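Enquirer: So here's target_7.cif (mmCIF, C-alpha atoms).
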```cif
data_structure
#
loop_
_atom_site.label_atom_id
_atom_site.label_comp_id
_atom_site.auth_asym_id
_atom_site.auth_seq_id
_atom_site.Cartn_x
_atom_site.Cartn_y
_atom_site.Cartn_z
CA MET U 6 0.00 0.00 0.00
CA GLY U 7 1.79 3.09 1.24
CA ASP U 8 5.39 3.77 0.44
CA ARG U 9 6.74 5.93 3.18
CA LYS U 10 9.73 8.13 2.46
CA ILE U 11 11.89 9.77 5.08
CA ARG U 12 11.69 13.54 4.64
CA VAL U 13 14.41 15.75 6.09
CA LEU U 14 14.75 19.52 6.11
CA ILE U 15 18.32 20.78 5.86
CA ALA U 16 18.63 24.40 6.90
CA LYS U 17 21.38 26.89 7.30
CA PRO U 18 20.49 29.32 10.08
CA GLY U 19 22.43 32.46 10.80
CA LEU U 20 24.60 34.76 8.80
CA ASP U 21 27.59 32.77 7.64
CA GLY U 22 27.59 31.74 3.99
CA HIS U 23 29.45 28.45 4.21
CA ASP U 24 26.95 25.91 2.96
CA ARG U 25 29.23 23.27 1.50
CA GLY U 26 28.71 21.04 4.54
CA ALA U 27 24.93 21.40 4.33
CA LYS U 28 25.02 20.54 0.63
CA VAL U 29 27.21 17.48 1.19
CA VAL U 30 24.85 16.19 3.87
CA ALA U 31 21.76 16.98 1.75
CA ARG U 32 23.25 15.11 -1.17
CA GLY U 33 24.25 12.16 1.03
CA LEU U 34 20.75 11.80 2.46
CA ARG U 35 19.31 12.09 -1.04
CA ASP U 36 21.52 9.25 -2.23
CA ALA U 37 20.28 7.20 0.71
CA GLY U 38 16.78 7.46 -0.77
CA MET U 39 15.42 10.28 1.39
CA GLU U 40 13.56 13.39 0.28
CA VAL U 41 15.64 16.35 1.34
CA ILE U 42 14.22 19.84 1.44
CA TYR U 43 17.02 22.35 1.25
CA THR U 44 16.09 25.89 2.22
CA GLY U 45 19.27 27.74 1.39
CA LEU U 46 21.28 30.27 3.34
CA ARG U 47 20.46 32.73 6.11
CA GLN U 48 17.32 31.33 7.64
CA THR U 49 15.82 32.46 10.90
CA PRO U 50 14.71 29.80 13.40
CA GLU U 51 11.13 30.95 12.77
CA GLU U 52 11.45 30.36 9.02
CA ILE U 53 13.05 26.97 9.59
CA VAL U 54 10.36 25.70 11.95
CA ARG U 55 7.54 26.93 9.74
CA ALA U 56 9.10 25.33 6.67
CA ALA U 57 9.56 22.04 8.54
CA MET U 58 5.94 22.19 9.66
CA GLN U 59 4.54 22.79 6.17
CA GLU U 60 6.78 20.12 4.68
CA ASP U 61 5.83 17.71 7.48
CA VAL U 62 9.40 16.45 7.70
CA ASP U 63 10.52 13.60 9.94
CA MET U 64 13.66 15.40 11.02
CA ILE U 65 15.44 18.76 10.83
CA GLY U 66 19.17 19.12 10.20
CA LEU U 67 20.83 22.43 11.07
CA SER U 68 24.22 23.37 9.71
CA ILE U 69 25.90 25.96 11.89
CA LEU U 70 29.47 27.18 11.54
CA SER U 71 29.10 30.63 13.00
CA GLY U 72 29.34 29.70 16.66
CA ALA U 73 25.73 30.63 17.30
CA HIS U 74 24.65 27.01 17.76
CA MET U 75 23.52 27.36 21.39
CA SER U 76 21.12 30.22 20.81
CA VAL U 77 19.89 29.00 17.43
CA CYS U 78 19.11 25.50 18.70
CA LYS U 79 17.43 26.83 21.82
CA ARG U 80 15.19 29.06 19.73
CA VAL U 81 14.32 26.28 17.26
CA LEU U 82 13.30 23.98 20.11
CA GLU U 83 11.26 26.76 21.75
CA LEU U 84 9.42 27.50 18.52
CA MET U 85 8.64 23.84 17.98
CA SER U 86 6.92 23.66 21.34
CA GLN U 87 5.15 26.93 20.65
CA TYR U 88 3.77 25.56 17.37
CA GLN U 89 3.24 22.12 18.94
CA PHE U 90 5.21 20.56 16.13
CA HIS U 91 7.79 18.11 17.39
CA VAL U 92 10.40 16.38 15.29
CA PRO U 93 13.98 15.41 16.18
CA VAL U 94 16.70 17.92 15.31
CA PHE U 95 20.32 17.20 14.48
CA VAL U 96 23.13 19.71 14.24
CA GLY U 97 26.30 19.70 12.18
CA GLY U 98 29.21 22.10 12.15
CA ILE U 99 31.97 23.38 14.36
CA ILE U 100 30.58 22.48 17.78
CA PRO U 101 32.93 22.28 20.79
CA ALA U 102 32.55 19.02 22.74
CA ASP U 103 31.14 20.71 25.87
CA ASP U 104 28.54 22.55 23.81
CA GLY U 105 27.66 19.31 22.06
CA GLU U 106 26.85 17.72 25.41
CA GLN U 107 24.80 20.74 26.40
CA LEU U 108 22.87 20.58 23.12
CA MET U 109 22.05 16.91 23.66
CA LYS U 110 20.78 17.76 27.16
CA MET U 111 18.66 20.54 25.67
CA GLY U 112 16.92 17.99 23.43
CA ILE U 113 18.97 17.97 20.24
CA ALA U 114 18.95 14.40 18.90
CA ALA U 115 22.47 14.25 17.44
CA VAL U 116 25.54 16.42 16.93
CA PHE U 117 27.97 15.81 14.05
CA GLY U 118 31.39 17.43 13.95
CA PRO U 119 33.74 17.96 11.00
CA GLY U 120 34.90 14.78 9.32
CA THR U 121 31.88 12.68 10.26
CA PRO U 122 31.41 10.10 7.47
CA ILE U 123 28.16 10.64 5.57
CA SER U 124 27.23 7.00 6.18
CA ASP U 125 27.25 7.70 9.94
CA ILE U 126 24.82 10.59 9.48
CA VAL U 127 22.58 8.52 7.19
CA ASN U 128 22.47 5.64 9.66
CA LYS U 129 21.78 7.92 12.60
CA VAL U 130 18.94 9.69 10.77
CA LYS U 131 17.40 6.34 9.82
CA GLU U 132 17.74 5.09 13.39
CA ILE U 133 16.19 8.17 14.99
CA VAL U 134 13.34 8.47 12.48
CA GLY U 135 12.74 4.72 12.75
CA GLN U 136 12.28 5.08 16.51
CA GLU U 137 9.90 8.00 16.08
CA ILE U 138 7.73 6.12 13.60
CA SER U 139 7.44 3.00 15.75
CA GLU U 140 6.43 5.07 18.78
CA MET K 30 -12.39 -12.44 2.44
CA GLU K 31 -10.79 -13.33 5.74
CA THR K 32 -7.30 -12.35 4.59
CA ASP K 33 -8.41 -8.80 3.81
CA LYS K 34 -9.21 -8.02 7.37
CA PRO K 35 -6.00 -6.51 8.78
CA GLU K 36 -5.53 -4.29 5.75
CA LYS K 37 -9.09 -3.08 5.96
CA LEU K 38 -8.61 -2.24 9.61
CA VAL K 39 -5.56 -0.12 8.78
CA LEU K 40 -7.52 1.65 6.05
CA ASN K 41 -10.38 2.37 8.40
CA GLN K 42 -7.95 3.72 10.93
CA LYS K 43 -6.25 5.87 8.32
CA SER K 44 -9.50 7.26 6.97
CA ALA K 45 -10.61 8.12 10.50
CA GLN K 46 -7.33 9.96 11.11
CA LEU K 47 -7.68 11.69 7.77
CA SER K 48 -11.20 12.94 8.47
CA GLU K 49 -9.99 14.28 11.81
CA LEU K 50 -7.17 16.15 10.04
CA ILE K 51 -9.57 17.49 7.42
CA LYS K 52 -11.84 18.85 10.12
CA LYS K 53 -8.87 20.70 11.62
CA LEU K 54 -7.41 21.99 8.39
CA ARG K 55 -10.72 23.47 7.36
CA LYS K 56 -10.44 25.60 10.48
CA GLY K 57 -7.06 26.86 9.30
CA ASP K 58 -4.72 24.43 11.06
CA GLN K 59 -1.57 24.28 8.91
CA ILE K 60 -0.02 21.36 10.79
CA ALA K 61 -3.13 19.30 10.06
CA LEU K 62 -2.91 20.35 6.40
CA ALA K 63 0.74 19.28 6.24
CA LYS K 64 -0.01 15.92 7.86
CA ALA K 65 -2.98 15.26 5.59
CA ILE K 66 -0.75 15.89 2.57
CA THR K 67 1.69 13.27 3.88
CA PHE K 68 -1.18 10.78 4.07
CA PHE K 69 -1.96 11.32 0.40
CA GLU K 70 1.66 11.29 -0.63
CA ASN K 71 2.19 7.89 0.89
CA ASP K 72 -1.12 6.52 -0.31
CA PRO K 73 -2.83 8.51 -3.10
CA GLU K 74 -5.84 6.15 -3.06
CA LEU K 75 -6.99 7.50 0.28
CA ILE K 76 -8.72 10.08 -1.87
CA PHE K 77 -11.67 7.68 -2.02
CA TYR K 78 -12.46 8.65 1.54
CA LEU K 79 -13.02 12.25 0.56
CA GLN K 80 -16.64 11.62 -0.38
CA GLY K 81 -20.07 13.03 0.21
CA GLU K 82 -20.36 16.52 1.57
CA LEU K 83 -16.69 17.18 0.89
CA GLN K 84 -17.24 16.50 -2.78
CA GLU K 85 -19.98 19.10 -2.76
CA ILE K 86 -17.76 21.74 -1.22
CA LEU K 87 -15.04 20.89 -3.70
CA THR K 88 -17.26 21.48 -6.70
CA GLN K 89 -18.19 24.86 -5.29
CA SER K 90 -14.58 25.84 -4.68
CA LYS K 91 -13.32 28.65 -6.88
CA SER K 92 -9.62 28.22 -6.10
CA HIS K 93 -7.79 28.95 -9.30
CA ILE K 94 -5.10 26.44 -10.24
CA VAL K 95 -2.09 27.92 -12.00
CA GLY K 96 0.54 25.57 -13.42
CA VAL K 97 4.05 26.87 -13.90
CA THR K 98 6.26 24.82 -16.17
CA GLY K 99 9.38 25.22 -18.28
CA SER K 100 12.92 23.95 -18.65
CA PRO K 101 15.29 23.61 -15.67
CA GLY K 102 16.79 26.94 -14.75
CA ALA K 103 14.31 29.01 -16.78
CA GLY K 104 13.24 30.74 -13.57
CA LYS K 105 10.05 28.94 -12.57
CA SER K 106 10.60 29.21 -8.81
CA THR K 107 11.77 32.82 -8.93
CA LEU K 108 8.82 33.74 -11.12
CA THR K 109 6.43 31.87 -8.81
CA ASP K 110 7.91 33.75 -5.87
CA ALA K 111 7.35 37.10 -7.57
CA TYR K 112 3.84 36.16 -8.70
CA VAL K 113 2.96 35.10 -5.14
CA SER K 114 4.00 38.55 -3.92
CA ALA K 115 1.62 40.11 -6.44
CA LEU K 116 -1.22 37.84 -5.24
CA ARG K 117 -0.45 38.66 -1.61
CA ARG K 118 -0.70 42.38 -2.34
CA GLU K 119 -4.27 41.64 -3.41
CA GLY K 120 -4.83 39.76 -0.17
CA LYS K 121 -5.16 36.37 -1.86
CA LYS K 122 -4.22 33.22 0.05
CA VAL K 123 -1.83 31.00 -1.89
CA GLY K 124 -0.98 27.30 -1.68
CA ILE K 125 2.06 26.13 -3.61
CA ILE K 126 3.01 22.62 -4.71
CA ALA K 127 6.61 22.53 -5.91
CA VAL K 128 7.70 19.30 -7.59
CA ASP K 129 11.34 18.33 -8.12
CA PRO K 130 12.63 15.09 -9.59
CA SER K 131 13.09 11.93 -7.53
CA SER K 132 16.06 9.73 -8.34
CA PRO K 133 15.04 6.76 -10.47
CA PHE K 134 17.86 4.83 -8.80
CA THR K 135 17.48 5.52 -5.08
CA GLY K 136 14.06 7.18 -4.86
CA GLY K 137 15.72 10.08 -3.04
CA ALA K 138 15.21 13.70 -4.01
CA LEU K 139 16.70 17.08 -3.38
CA LEU K 140 13.83 19.52 -3.16
CA GLY K 141 15.21 23.01 -3.66
CA ASP K 142 12.36 25.15 -4.95
CA ARG K 143 11.90 26.74 -1.55
CA ILE K 144 15.27 28.46 -1.80
CA ARG K 145 13.76 31.01 -4.20
CA MET K 146 10.65 31.55 -2.10
CA LYS K 147 12.22 32.55 1.19
CA ARG K 148 10.45 35.84 1.57
CA HIS K 149 7.12 34.01 2.01
CA PHE K 150 8.31 31.64 4.73
CA SER K 151 6.86 33.63 7.58
CA ASP K 152 3.66 34.67 5.85
CA ASP K 153 0.56 32.87 7.14
CA GLY K 154 -1.20 33.38 3.82
CA VAL K 155 1.32 31.27 1.91
CA PHE K 156 1.77 27.54 2.27
CA ILE K 157 4.56 25.78 0.38
CA ARG K 158 4.86 22.05 -0.03
CA SER K 159 7.80 20.47 -1.86
CA MET K 160 7.39 17.06 -3.47
CA GLY K 161 9.53 14.49 -5.21
CA SER K 162 8.15 13.25 -8.51
CA ARG K 163 8.30 9.68 -7.11
CA GLY K 164 8.44 7.78 -10.37
CA ASN K 165 5.97 9.93 -12.29
CA VAL K 166 7.43 10.92 -15.66
CA GLY K 167 4.89 13.57 -16.64
CA GLY K 168 6.46 16.34 -14.56
CA LEU K 169 4.23 15.98 -11.50
CA ASN K 170 3.57 13.53 -8.64
CA ASP K 171 0.41 11.44 -8.51
CA SER K 172 -0.60 12.88 -5.16
CA VAL K 173 -1.04 16.41 -6.57
CA PHE K 174 -4.69 15.63 -7.20
CA GLY K 175 -5.24 14.89 -3.53
CA VAL K 176 -3.21 17.89 -2.44
CA ILE K 177 -5.27 20.16 -4.70
CA MET K 178 -8.41 18.94 -2.92
CA LEU K 179 -6.86 19.57 0.49
CA TYR K 180 -5.75 23.04 -0.59
CA LYS K 181 -9.30 23.75 -1.80
CA LEU K 182 -10.72 22.58 1.50
CA TYR K 183 -8.27 24.78 3.37
CA GLY K 184 -9.55 27.66 1.25
CA PHE K 185 -6.61 28.96 -0.76
CA ASP K 186 -7.70 31.44 -3.43
CA TYR K 187 -4.87 30.44 -5.73
CA ILE K 188 -3.09 27.11 -6.01
CA ILE K 189 0.22 27.23 -7.84
CA ILE K 190 1.82 24.03 -9.08
CA GLU K 191 5.40 24.21 -10.16
CA THR K 192 6.42 21.19 -12.23
CA VAL K 193 9.84 19.59 -12.39
CA GLY K 194 12.09 21.21 -14.96
CA ALA K 195 10.25 20.16 -18.09
CA GLY K 196 11.81 19.55 -21.47
CA GLN K 197 9.48 18.64 -24.28
CA SER K 198 7.02 15.99 -23.29
CA GLU K 199 6.31 16.52 -19.58
CA VAL K 200 2.83 17.84 -20.21
CA ASP K 201 0.72 16.40 -17.36
CA ILE K 202 0.27 19.88 -15.94
CA ALA K 203 -2.04 20.63 -18.89
CA TYR K 204 -4.52 18.14 -17.45
CA VAL K 205 -4.27 19.52 -13.94
CA ALA K 206 -4.10 23.32 -14.09
CA ASP K 207 -6.78 25.84 -15.05
CA THR K 208 -4.13 28.17 -16.43
CA VAL K 209 -0.77 26.92 -17.68
CA VAL K 210 2.15 29.34 -17.65
CA LEU K 211 5.11 28.22 -19.76
CA VAL K 212 8.38 29.86 -18.77
CA LEU K 213 10.98 30.19 -21.51
CA SER K 214 14.33 31.89 -21.34
CA PRO K 215 16.60 33.20 -24.12
CA SER K 216 18.58 29.97 -23.98
CA SER K 217 15.49 27.93 -24.88
CA GLY K 218 16.71 27.26 -28.41
CA ASP K 219 15.79 28.34 -31.92
CA GLU K 220 12.43 28.50 -33.65
CA ILE K 221 12.55 24.80 -34.54
CA GLN K 222 12.37 24.04 -30.81
CA LEU K 223 9.34 26.32 -30.63
CA MET K 224 7.68 24.40 -33.45
CA LYS K 225 8.01 20.99 -31.84
CA ALA K 226 4.99 19.21 -30.46
CA GLY K 227 4.50 18.78 -26.74
CA ILE K 228 5.11 21.40 -24.12
CA MET K 229 4.76 24.35 -26.53
CA GLU K 230 1.16 23.33 -27.15
CA ILE K 231 -0.03 23.48 -23.57
CA ALA K 232 0.68 27.09 -22.63
CA ASP K 233 -2.15 29.51 -21.92
CA VAL K 234 0.34 32.26 -21.12
CA PHE K 235 3.91 32.37 -22.40
CA VAL K 236 6.58 34.03 -20.29
CA ILE K 237 9.98 34.93 -21.67
CA ASN K 238 11.96 35.29 -18.48
CA LYS K 239 15.46 36.75 -18.16
CA ALA K 240 14.26 39.30 -20.72
CA ASP K 241 17.26 41.48 -19.89
CA ILE K 242 19.75 39.13 -21.48
CA GLU K 243 20.65 38.89 -25.13
CA GLY K 244 18.35 36.90 -27.35
CA ALA K 245 15.12 37.68 -25.52
CA GLU K 246 13.70 39.92 -28.27
CA LEU K 247 14.66 37.43 -30.95
CA LEU K 248 12.96 34.64 -29.01
CA LYS K 249 9.85 36.76 -28.72
CA MET K 250 9.83 37.45 -32.45
CA ASN K 251 10.28 33.77 -33.26
CA LEU K 252 7.53 32.81 -30.84
CA GLU K 253 5.15 35.38 -32.35
CA THR K 254 5.86 34.03 -35.82
CA ILE K 255 5.23 30.45 -34.75
CA LEU K 256 1.99 31.39 -32.98
CA ASN K 257 0.90 33.28 -36.10
CA ILE K 258 1.54 30.28 -38.34
CA SER K 259 -0.56 28.10 -36.07
CA GLU K 260 -3.19 30.85 -35.86
CA VAL K 261 -3.32 30.86 -32.09
CA CYS K 262 -3.47 34.03 -30.12
CA LYS K 263 -1.79 33.68 -26.76
CA PRO K 264 -0.20 36.35 -24.61
CA ILE K 265 3.56 36.59 -24.32
CA VAL K 266 4.91 38.28 -21.20
CA MET K 267 8.48 39.54 -21.02
CA SER K 268 9.81 39.32 -17.48
CA VAL K 269 12.83 39.61 -15.26
CA ALA K 270 11.65 37.65 -12.25
CA THR K 271 14.60 38.63 -10.06
CA SER K 272 13.73 42.34 -10.33
CA GLY K 273 9.95 41.96 -10.57
CA LYS K 274 9.77 43.35 -14.10
CA GLY K 275 6.75 42.05 -16.02
CA ILE K 276 5.11 40.46 -12.97
CA ASP K 277 2.11 42.81 -12.97
CA GLU K 278 1.56 41.97 -16.61
CA LEU K 279 1.78 38.25 -15.80
CA TYR K 280 -0.76 38.75 -13.01
CA ASN K 281 -3.11 40.54 -15.42
CA GLU K 282 -2.78 37.92 -18.16
CA ILE K 283 -3.57 35.11 -15.71
CA GLU K 284 -6.61 37.06 -14.50
CA LYS K 285 -7.76 37.59 -18.09
CA HIS K 286 -7.44 33.88 -18.75
CA ARG K 287 -9.27 33.02 -15.54
CA ILE K 288 -12.17 35.30 -16.46
CA HIS K 289 -12.20 33.89 -19.99
CA LEU K 290 -12.51 30.36 -18.56
CA TYR K 291 -15.56 31.34 -16.52
CA GLU K 292 -17.19 33.35 -19.31
CA THR K 293 -16.87 30.55 -21.82
CA GLY K 294 -17.68 27.79 -19.35
CA GLU K 295 -14.37 26.17 -20.15
CA ILE K 296 -13.58 26.09 -16.45
CA SER K 297 -15.83 23.06 -15.97
CA GLN K 298 -14.23 21.29 -18.94
CA ARG K 299 -10.86 21.79 -17.28
CA ALA K 300 -12.21 20.42 -14.02
CA ASN K 301 -13.53 17.35 -15.82
CA ARG K 302 -10.25 16.87 -17.60
CA ARG K 303 -8.50 16.99 -14.22
CA MET K 304 -10.82 14.36 -12.75
CA LYS K 305 -10.32 12.10 -15.74
CA LYS K 306 -6.56 12.38 -15.45
CA HIS K 307 -6.81 11.61 -11.76
CA ALA K 308 -8.79 8.46 -12.47
CA GLU K 309 -6.20 7.43 -15.04
CA ALA K 310 -3.38 7.98 -12.56
CA ILE K 311 -5.07 5.73 -10.02
CA LEU K 312 -5.68 3.06 -12.64
CA ASP K 313 -2.06 3.20 -13.82
CA LYS K 314 -0.85 2.75 -10.29
CA ARG K 315 -3.08 -0.25 -9.75
CA ILE K 316 -1.92 -1.90 -12.95
CA GLN K 317 1.68 -1.33 -11.92
CA SER K 318 1.13 -2.82 -8.50
CA VAL K 319 -0.52 -5.88 -10.02
CA LEU K 320 2.45 -6.30 -12.35
CA ARG K 321 4.82 -5.96 -9.41
CA SER K 322 2.93 -8.56 -7.42
CA ILE K 323 3.57 -11.20 -10.07
CA ASP K 324 6.34 -13.55 -8.96
CA SER K 325 9.49 -11.77 -10.08
CA ASN K 326 11.23 -14.98 -11.14
CA ASP K 327 8.43 -15.72 -13.56
CA VAL K 328 8.58 -12.22 -15.02
CA ASN K 329 12.35 -12.31 -15.34
CA ALA K 330 12.18 -15.66 -17.06
CA MET K 331 9.50 -14.31 -19.39
CA VAL K 332 11.48 -11.18 -20.26
CA ASN K 333 14.65 -13.19 -20.80
CA THR K 334 12.87 -15.59 -23.13
CA VAL K 335 11.46 -12.73 -25.18
CA LEU K 336 14.82 -10.94 -25.33
CA ALA K 337 16.57 -14.13 -26.37
CA GLU K 338 14.01 -14.63 -29.13
CA ILE K 339 14.46 -11.09 -30.41
CA CYS K 340 18.26 -11.39 -30.43
CA LYS K 341 18.07 -14.74 -32.15
CA SER K 342 15.82 -13.60 -34.97
CA ARG K 343 17.89 -10.50 -35.42
CA PHE K 344 21.25 -12.20 -35.69
CA ASP K 345 20.05 -15.27 -37.49
CA GLY K 346 18.09 -13.64 -40.10
#
```
Would you write out, as structure tokens, the structure that this file holds?
Expert:
Amino acid sequence: MGDRKIRVLIAKPGLDGHDRGAKVVARGLRDAGMEVIYTGLRQTPEEIVRAAMQEDVDMIGLSILSGAHMSVCKRVLELMSQYQFHVPVFVGGIIPADDGEQLMKMGIAAVFGPGTPISDIVNKVKEIVGQEISE
Amino acid sequence: METDKPEKLVLNQKSAQLSELIKKLRKGDQIALAKAITFFENDPELIFYLQGELQEILTQSKSHIVGVTGSPGAGKSTLTDAYVSALRREGKKVGIIAVDPSSPFTGGALLGDRIRMKRHFSDDGVFIRSMGSRGNVGGLNDSVFGVIMLYKLYGFDYIIIETVGAGQSEVDIAYVADTVVLVLSPSSGDEIQLMKAGIMEIADVFVINKADIEGAELLKMNLETILNISEVCKPIVMSVATSGKGIDELYNEIEKHRIHLYETGEISQRANRRMKKHAEAILDKRIQSVLRSIDSNDVNAMVNTVLAEICKSRFDG
């Protein structure tokens, strides 16, 4: 009957223009058979959450290299509870280890640093979304 | 049949969930709208549960369906974005379906039409849904029919469907939209391209986008000549979508066409055509699923036998 596809939104919040990482991840997830919605540069948390909501994605991936990861992630999580739209969020970029731990405590589902193999990200996304669906 | 039971139960469950979502989306709940679309995307046949009173409301709906098609990179998304701004200035609510190609190999897709529509992300009057073509080769996705119904129920005044980058024969949009906008750009090719059958035949409004680059006037002249030869009179709009040039004219031409459809009664023909195409899409899918359900070893053996026969007759004789 149904043929369920994993849908992921890849967004680039904040002001830095380095989106190579986001593109590599988007492409990798695409090649793993997922539908990836890429929103481009310089998105506000508000725009990201609304896009994710309209696209009804299973997961959001944020690429942040500007150092603003703590505040951006906090705001994204706040907005999701405000809209009552809850999906797991993963973050990629230059994230110091301590911050990474903090983010996980805040409710971020996964943090990927530089050099993470794409296959690791693909597997993690599948695992997390798989858990959500079975719940 | 006994064996049908579990599947039927799931369907009943799904249709109950769907009716709940429809109740909510009709009150303006965008999350419910988004979730209902996912239902249809994963199972287009759920449409059969949209019966009765809903059908009545749907036939009364005046949402105008605009199809935007054209080759990859011609500027469909940018033009859509600019046209949406014009509609918003008039206070119209807009639902967008943006289709990009799915990989025939992995089924994955990179959906990037939103990138050009950023300025509408935080506007409550605009709803954007990106879709992979999921195996459809006509430039759309089979669930667009269902999504159109949901958009109508939500109450959008205009529904814009952006097809995948279309070359020559991706013409399904002609069966779906009330008004088809074909976006060309100066790199679209010479007049022979314009004379070819297929996508050039389906436009209600032609747009020559990127009109500020060389070749735009020549393209317009060629297009006018071709339209003259075929004795059709269709508007040609020159635009630069990135600067907004020509967008008011596009808006006006679409309005003219919309009014023309109502005055001539053609609007109901288009609606019928859409329903027929929808029925065909469902039938196609069923045939495919029956074919898939045949034991694959048998099919492979059959295909191999046929291929071997063809090769044999070819080389032997």
Enquirer: Only residues of chain K matter here; which ones have an atom within 6 Å of chain U, counting all atoms listed in the file? Give them as an MDAnalysis selection string.
Expert: chainID K and resid 63 71:72 135:141 143:144 150:151 158
Enquirer: Using atom CA of U:Gly112 and atom CA of K:Ala65 as the two end points, give the distance in Å to one decimal.
Expert: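 Computing the Euclidean distance for atom CA of U:Gly112 and atom CA of K:Ala65 yields 26.9 Å.
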Enquirer: Would you work out the distance separating atom CA of K:Glu292 from atom CA of K:Asp186, expressed in Å to one decimal?
Expert: 18.6 Å
Enquirer: With distances taken over all atoms listed in the file, which residue among U:Gly118, U:Pro50, U:Gly26, U:Gly98 lies nearest U:Ser71?
Expert: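 Closest candidate: U:Gly98.
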Enquirer: Do a neighbour search on stretch 162-165 of chain K at 7 Å with all atoms listed in the file, toss out local chain neighbours closer than 2 positions, and write the hits as a list in words.
Expert: Val128, Asp129, Pro130, Ser131, Pro133, Gly136, Met160, Gly167, Gly168, Leu169, Asn170 and Asp171 of chain K
Enquirer: Calculate how many Å separate atom CA of K:Glu243 from atom CA of K:Ala115, rounding to one decimal.
Expert: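 So the answer is 26.7 Å.
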Enquirer: Between K:Phe134, K:Phe156, K:Phe174, K:Tyr291, which one has atoms that come closest to K:Ile76, using all atoms listed in the file?
Expert: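 Closest to K:Ile76 of all the choices is K:Phe174.
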Enquirer: Apply the PyMOL selection byres ((chain K and resi 290) around 12) to the structure shown and report the selected residues as a list of chain:residue names.
Expert: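 What the PyMOL selection byres ((chain K and resi 290) around 12) grabs from the file is K:Lys91, K:His93, K:Ile94, K:Ala206, K:Asp207, K:Thr208, K:Asp233, K:Ile283, K:Glu284, K:Lys285, K:His286, K:Arg287, K:Ile288, K:His289, K:Tyr291, K:Glu292, K:Thr293, K:Gly294, K:Glu295, K:Ile296, K:Ser297, K:Gln298, K:Arg299, K:Ala300.
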Enquirer: Determine the nearest neighbour of K:Thr67 from the options K:Leu247, K:Val176, K:Leu320, K:Val95, counting all atoms listed in the file.
Expert: K:Val176
Enquirer: Quick one: residues within 8 Å of U:Met75, all atoms listed in the file, excluding same-chain residues fewer than 3 positions away - as a ChimeraX atom specification?
Expert: /U:72,78-79,104,108
Enquirer: Please complete stretch 118-129 of chain K so it has N, CA and C atoms, and hand it over as a CSV table (one decimal), in the frame of the given file.
Expert:
```csv
chain,number,residue,atom,x,y,z
K,118,ARG,N,-0.3,41.0,-2.4
K,118,ARG,CA,-0.7,42.4,-2.3
K,118,ARG,C,-2.2,42.5,-2.5
K,119,GLU,N,-2.8,41.6,-3.2
K,119,GLU,CA,-4.3,41.6,-3.4
K,119,GLU,C,-5.0,40.9,-2.3
K,120,GLY,N,-4.2,40.4,-1.3
K,120,GLY,CA,-4.8,39.8,-0.2
K,120,GLY,C,-5.3,38.3,-0.4
K,121,LYS,N,-4.8,37.7,-1.5
K,121,LYS,CA,-5.2,36.4,-1.9
K,121,LYS,C,-4.3,35.4,-1.1
K,122,LYS,N,-5.0,34.3,-0.6
K,122,LYS,CA,-4.2,33.2,0.0
K,122,LYS,C,-3.7,32.2,-1.0
K,123,VAL,N,-2.5,31.8,-0.8
K,123,VAL,CA,-1.8,31.0,-1.9
K,123,VAL,C,-1.2,29.7,-1.3
K,124,GLY,N,-1.6,28.6,-2.0
K,124,GLY,CA,-1.0,27.3,-1.7
K,124,GLY,C,-0.1,26.9,-2.8
K,125,ILE,N,1.1,26.5,-2.5
K,125,ILE,CA,2.1,26.1,-3.6
K,125,ILE,C,2.4,24.6,-3.5
K,126,ILE,N,2.5,24.0,-4.6
K,126,ILE,CA,3.0,22.6,-4.7
K,126,ILE,C,4.2,22.7,-5.6
K,127,ALA,N,5.4,22.4,-5.1
K,127,ALA,CA,6.6,22.5,-5.9
K,127,ALA,C,7.2,21.1,-6.1
K,128,VAL,N,7.2,20.7,-7.3
K,128,VAL,CA,7.7,19.3,-7.6
K,128,VAL,C,9.1,19.3,-8.2
K,129,ASP,N,10.0,18.5,-7.6
K,129,ASP,CA,11.3,18.3,-8.1
K,129,ASP,C,11.5,16.8,-8.4
```
